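Engineer: Just so it is clear, I am handing over model_12.pdb, which has PDB, C-alpha atoms, pLDDT in the B column.
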ATOM      1  CA  MET A   1       0.000   0.000   0.000  1.00 54.00           C
ATOM      2  CA  ARG A   2       2.781   2.365   0.928  1.00 58.00           C
ATOM      3  CA  SER A   3       4.638   1.740  -2.359  1.00 61.00           C
ATOM      4  CA  THR A   4       1.437   2.487  -4.305  1.00 60.00           C
ATOM      5  CA  ALA A   5       1.046   5.817  -2.503  1.00 59.00           C
ATOM      6  CA  ARG A   6       4.679   6.619  -3.216  1.00 60.00           C
ATOM      7  CA  LEU A   7       4.169   5.725  -6.881  1.00 52.00           C
ATOM      8  CA  TRP A   8       1.163   8.079  -7.132  1.00 56.00           C
ATOM      9  CA  GLU A   9       3.127  10.823  -5.389  1.00 68.00           C
ATOM     10  CA  THR A  10       5.962  10.446  -7.912  1.00 56.00           C
ATOM     11  CA  PHE A  11       3.460  10.454 -10.760  1.00 54.00           C
ATOM     12  CA  ALA A  12       1.912  13.694  -9.470  1.00 53.00           C
ATOM     13  CA  VAL A  13       5.315  15.405  -9.282  1.00 51.00           C
ATOM     14  CA  VAL A  14       6.218  14.287 -12.812  1.00 51.00           C
ATOM     15  CA  ALA A  15       2.828  15.476 -14.107  1.00 52.00           C
ATOM     16  CA  MET A  16       3.307  18.889 -12.489  1.00 53.00           C
ATOM     17  CA  LEU A  17       6.800  19.218 -13.952  1.00 47.00           C
ATOM     18  CA  GLY A  18       5.516  18.174 -17.360  1.00 48.00           C
ATOM     19  CA  THR A  19       2.765  20.764 -17.187  1.00 44.00           C
ATOM     20  CA  ALA A  20       5.201  23.477 -16.117  1.00 43.00           C
ATOM     21  CA  SER A  21       7.575  22.652 -18.975  1.00 40.00           C
ATOM     22  CA  GLY A  22       4.632  22.678 -21.389  1.00 42.00           C
ATOM     23  CA  VAL A  23       3.820  26.194 -20.264  1.00 37.00           C
ATOM     24  CA  CYS A  24       7.440  27.188 -20.871  1.00 36.00           C
ATOM     25  CA  LEU A  25       7.371  25.613 -24.333  1.00 35.00           C
ATOM     26  CA  ALA A  26       4.168  27.428 -25.186  1.00 35.00           C
ATOM     27  CA  ALA A  27       5.736  30.715 -24.124  1.00 36.00           C
ATOM     28  CA  GLU A  28       8.715  30.068 -26.423  1.00 37.00           C
ATOM     29  CA  GLU A  29       6.426  29.322 -29.377  1.00 44.00           C
ATOM     30  CA  VAL A  30       4.729  32.692 -28.973  1.00 50.00           C
ATOM     31  CA  GLY A  31       8.100  34.323 -29.455  1.00 50.00           C
ATOM     32  CA  ASP A  32      10.667  35.902 -27.236  1.00 54.00           C
ATOM     33  CA  PRO A  33      10.931  39.571 -28.242  1.00 57.00           C
ATOM     34  CA  ALA A  34      14.705  39.491 -27.712  1.00 62.00           C
ATOM     35  CA  LYS A  35      15.172  36.476 -29.998  1.00 76.00           C
ATOM     36  CA  PRO A  36      14.342  36.923 -33.710  1.00 84.00           C
ATOM     37  CA  LEU A  37      12.164  34.367 -35.442  1.00 93.00           C
ATOM     38  CA  GLN A  38      13.390  32.717 -38.622  1.00 93.00           C
ATOM     39  CA  ALA A  39      11.735  31.465 -41.797  1.00 91.00           C
ATOM     40  CA  SER A  40      13.137  29.992 -45.000  1.00 91.00           C
ATOM     41  CA  GLY A  41      11.560  29.668 -48.392  1.00 92.00           C
ATOM     42  CA  VAL A  42      11.314  31.057 -51.889  1.00 93.00           C
ATOM     43  CA  ILE A  43      10.441  34.646 -52.744  1.00 95.00           C
ATOM     44  CA  ALA A  44       6.891  34.853 -54.092  1.00 95.00           C
ATOM     45  CA  SER A  45       6.881  38.638 -54.649  1.00 96.00           C
ATOM     46  CA  VAL A  46       8.941  41.771 -54.002  1.00 97.00           C
ATOM     47  CA  ASP A  47       7.492  45.260 -53.575  1.00 96.00           C
ATOM     48  CA  ALA A  48      10.617  47.416 -53.334  1.00 94.00           C
ATOM     49  CA  LEU A  49       8.634  50.688 -53.278  1.00 94.00           C
ATOM     50  CA  GLY A  50       6.213  49.483 -50.598  1.00 95.00           C
ATOM     51  CA  GLY A  51       8.923  47.709 -48.594  1.00 96.00           C
ATOM     52  CA  VAL A  52       7.233  44.302 -48.576  1.00 96.00           C
ATOM     53  CA  LEU A  53       8.763  40.897 -49.266  1.00 96.00           C
ATOM     54  CA  THR A  54       6.468  37.869 -49.617  1.00 96.00           C
ATOM     55  CA  VAL A  55       7.976  34.423 -49.054  1.00 94.00           C
ATOM     56  CA  LYS A  56       6.477  30.995 -49.623  1.00 91.00           C
ATOM     57  CA  GLU A  57       7.956  29.142 -46.681  1.00 84.00           C
ATOM     58  CA  SER A  58       9.343  25.701 -47.397  1.00 70.00           C
ATOM     59  CA  THR A  59       9.214  24.574 -43.779  1.00 60.00           C
ATOM     60  CA  HIS A  60       5.724  25.735 -42.848  1.00 58.00           C
ATOM     61  CA  LEU A  61       2.705  23.489 -43.371  1.00 61.00           C
ATOM     62  CA  ASP A  62      -0.898  24.411 -42.759  1.00 61.00           C
ATOM     63  CA  PRO A  63      -1.893  22.383 -39.665  1.00 62.00           C
ATOM     64  CA  VAL A  64      -5.424  21.787 -40.958  1.00 67.00           C
ATOM     65  CA  THR A  65      -4.766  20.675 -44.526  1.00 68.00           C
ATOM     66  CA  GLY A  66      -1.153  19.479 -44.229  1.00 67.00           C
ATOM     67  CA  THR A  67      -0.303  21.411 -47.400  1.00 67.00           C
ATOM     68  CA  ALA A  68       2.058  24.334 -47.803  1.00 63.00           C
ATOM     69  CA  ALA A  69       0.716  27.416 -46.088  1.00 69.00           C
ATOM     70  CA  GLN A  70      -0.042  30.682 -47.854  1.00 81.00           C
ATOM     71  CA  PRO A  71       2.969  32.923 -48.489  1.00 90.00           C
ATOM     72  CA  THR A  72       3.981  35.192 -45.600  1.00 92.00           C
ATOM     73  CA  SER A  73       4.682  38.918 -46.019  1.00 95.00           C
ATOM     74  CA  TYR A  74       7.485  40.735 -44.231  1.00 96.00           C
ATOM     75  CA  LEU A  75       7.884  44.478 -43.859  1.00 97.00           C
ATOM     76  CA  VAL A  76      11.310  45.728 -44.890  1.00 96.00           C
ATOM     77  CA  ASP A  77      12.571  49.015 -43.462  1.00 95.00           C
ATOM     78  CA  ALA A  78      15.834  50.982 -43.394  1.00 94.00           C
ATOM     79  CA  LYS A  79      17.151  48.764 -40.573  1.00 95.00           C
ATOM     80  CA  THR A  80      16.687  45.519 -42.530  1.00 96.00           C
ATOM     81  CA  VAL A  81      19.988  43.984 -43.656  1.00 96.00           C
ATOM     82  CA  VAL A  82      19.759  42.315 -47.077  1.00 96.00           C
ATOM     83  CA  SER A  83      22.716  40.217 -48.214  1.00 96.00           C
ATOM     84  CA  LYS A  84      24.015  37.441 -50.430  1.00 94.00           C
ATOM     85  CA  ASP A  85      27.299  35.694 -49.680  1.00 93.00           C
ATOM     86  CA  LYS A  86      27.979  38.392 -47.022  1.00 92.00           C
ATOM     87  CA  GLN A  87      27.687  41.145 -49.656  1.00 95.00           C
ATOM     88  CA  PRO A  88      25.111  43.887 -48.965  1.00 95.00           C
ATOM     89  CA  LEU A  89      22.126  44.192 -51.287  1.00 95.00           C
ATOM     90  CA  THR A  90      18.909  46.161 -51.443  1.00 94.00           C
ATOM     91  CA  LEU A  91      15.326  44.914 -51.575  1.00 94.00           C
ATOM     92  CA  ALA A  92      15.279  45.833 -55.289  1.00 94.00           C
ATOM     93  CA  ASP A  93      18.093  43.285 -55.880  1.00 95.00           C
ATOM     94  CA  LEU A  94      15.876  40.388 -54.794  1.00 95.00           C
ATOM     95  CA  ARG A  95      14.060  38.331 -57.429  1.00 95.00           C
ATOM     96  CA  VAL A  96      11.023  36.065 -57.401  1.00 95.00           C
ATOM     97  CA  GLY A  97      12.268  32.491 -57.030  1.00 94.00           C
ATOM     98  CA  ASP A  98      15.338  33.356 -54.928  1.00 95.00           C
ATOM     99  CA  ALA A  99      15.739  31.070 -51.905  1.00 95.00           C
ATOM    100  CA  VAL A 100      15.986  33.198 -48.757  1.00 95.00           C
ATOM    101  CA  THR A 101      16.177  33.047 -44.998  1.00 95.00           C
ATOM    102  CA  VAL A 102      14.356  35.836 -43.172  1.00 95.00           C
ATOM    103  CA  GLU A 103      14.963  36.795 -39.560  1.00 96.00           C
ATOM    104  CA  TYR A 104      12.066  38.816 -38.212  1.00 96.00           C
ATOM    105  CA  ALA A 105      10.103  39.954 -35.203  1.00 95.00           C
ATOM    106  CA  THR A 106       6.357  40.364 -34.895  1.00 94.00           C
ATOM    107  CA  LYS A 107       5.460  43.943 -33.971  1.00 93.00           C
ATOM    108  CA  ASP A 108       1.877  45.149 -33.734  1.00 94.00           C
ATOM    109  CA  GLY A 109       0.726  42.012 -35.554  1.00 93.00           C
ATOM    110  CA  LYS A 110       3.108  42.515 -38.495  1.00 94.00           C
ATOM    111  CA  ASN A 111       6.254  40.609 -39.427  1.00 95.00           C
ATOM    112  CA  VAL A 112       9.170  43.054 -39.565  1.00 96.00           C
ATOM    113  CA  ALA A 113      12.328  41.673 -41.187  1.00 96.00           C
ATOM    114  CA  SER A 114      15.624  42.387 -39.460  1.00 96.00           C
ATOM    115  CA  SER A 115      17.666  40.453 -42.046  1.00 97.00           C
ATOM    116  CA  ILE A 116      17.116  38.762 -45.387  1.00 97.00           C
ATOM    117  CA  THR A 117      19.807  36.436 -46.691  1.00 96.00           C
ATOM    118  CA  ILE A 118      19.760  34.952 -50.187  1.00 96.00           C
ATOM    119  CA  GLN A 119      20.761  31.307 -49.955  1.00 92.00           C
ATOM    120  CA  LEU A 120      23.549  30.210 -52.285  1.00 87.00           C
ATOM    121  CA  PRO A 121      22.794  27.134 -54.392  1.00 80.00           C
ATOM    122  CA  THR A 122      24.409  23.943 -53.173  1.00 70.00           C
ATOM    123  CA  ALA A 123      26.490  21.739 -55.463  1.00 61.00           C
ATOM    124  CA  ALA A 124      23.688  19.158 -55.510  1.00 56.00           C
ATOM    125  CA  SER A 125      21.063  21.694 -56.596  1.00 52.00           C
ATOM    126  CA  SER A 126      23.204  23.461 -59.194  1.00 50.00           C
ATOM    127  CA  GLY A 127      23.055  20.450 -61.510  1.00 50.00           C
ATOM    128  CA  SER A 128      26.808  19.995 -61.575  1.00 46.00           C
ATOM    129  CA  ALA A 129      27.772  16.364 -61.883  1.00 45.00           C
ATOM    130  CA  THR A 130      31.482  17.122 -62.027  1.00 44.00           C
ATOM    131  CA  SER A 131      33.343  16.650 -58.780  1.00 42.00           C
ATOM    132  CA  THR A 132      36.360  18.810 -58.005  1.00 45.00           C
ATOM    133  CA  ALA A 133      37.413  16.658 -55.064  1.00 44.00           C
ATOM    134  CA  LYS A 134      40.726  14.835 -55.486  1.00 47.00           C
ATOM    135  CA  PRO A 135      40.952  11.177 -54.535  1.00 47.00           C
ATOM    136  CA  ALA A 136      42.722  10.377 -51.285  1.00 50.00           C
ATOM    137  CA  ALA A 137      46.296   9.160 -51.613  1.00 50.00           C
ATOM    138  CA  ALA A 138      46.630   5.450 -51.152  1.00 50.00           C
ATOM    139  CA  SER A 139      48.659   4.343 -48.163  1.00 50.00           C
ATOM    140  CA  TYR A 140      50.549   1.096 -48.429  1.00 50.00           C
TER     141      TYR A 140
END
In structure tokens, write the structure found in this file.
Structural biologist:
Amino acid sequence: MRSTARLWETFAVVAMLGTASGVCLAAEEVGDPAKPLQASGVIASVDALGGVLTVKESTHLDPVTGTAAQPTSYLVDAKTVVSKDKQPLTLADLRVGDAVTVEYATKDGKNVASSITIQLPTAASSGSATSTAKPAAASY
């Protein structure tokens, strides 16, 4: 009997800790204002005059349908850093179809981009079948 009571007591403590950590996880999902959020995808549209970048996120699925979610718009202001291969660019340099990573914060219900980085194509996606790697020297 005593071991059963002890088991239930342990279960209650674990359940409380699990609930507390769930609350902490939920708070992180909402977004820590000090930590920027990040999204990756392909540019769907660029409005350089209006300062809006729309990205179709590759990692975001609609929880109801399981399909890709609608594109997300990001406000771009004078503080937004736009770059490719560590070289500075402007919003006007971005093109529909470019793969990008956007760091942003949600302010007053709007996504405000702090940085936009154009992703460089990888060797596998560039269609190059030629390898520049040299074979390892044989050791005998």
Engineer: Env of segment 43-51 of chain A: 10 Å cut, atoms = all atoms listed in the file, seq-sep filter 3 positions within chain, self excluded. Answer as a PyMOL selection string.
Structural biologist: chain A and resi 40+54-57+71-78+90-101+118
Engineer: Identify which of the residues A:Gln38, A:Ser114, A:Ser58, A:Gln119 lies closest to Val81 of chain A, counting only C-alpha atoms when measuring atom-to-atom distances.
Structural biologist: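 Answer, going by the shortest atom-to-atom distance: A:Ser114.
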Engineer: Distance atom CA of Pro36 of chain A-atom CA of Pro88 of chain A, one decimal place?
Structural biologist: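 Separating atom CA of Pro36 of chain A from atom CA of Pro88 of chain A is a distance of 19.9 Å.
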Engineer: What gap, in Å, lies between atom CA of Lys84 of chain A and atom CA of Lys35 of chain A?
Structural biologist: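 Answer for the atom CA of Lys84 of chain A to atom CA of Lys35 of chain A separation: 22.3 Å.
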Engineer: Atom CA of Leu53 of chain A to atom CA of Val102 of chain A: how many Å, to one decimal?
Structural biologist: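 Pair atom CA of Leu53 of chain A / atom CA of Val102 of chain A returns 9.7 Å.
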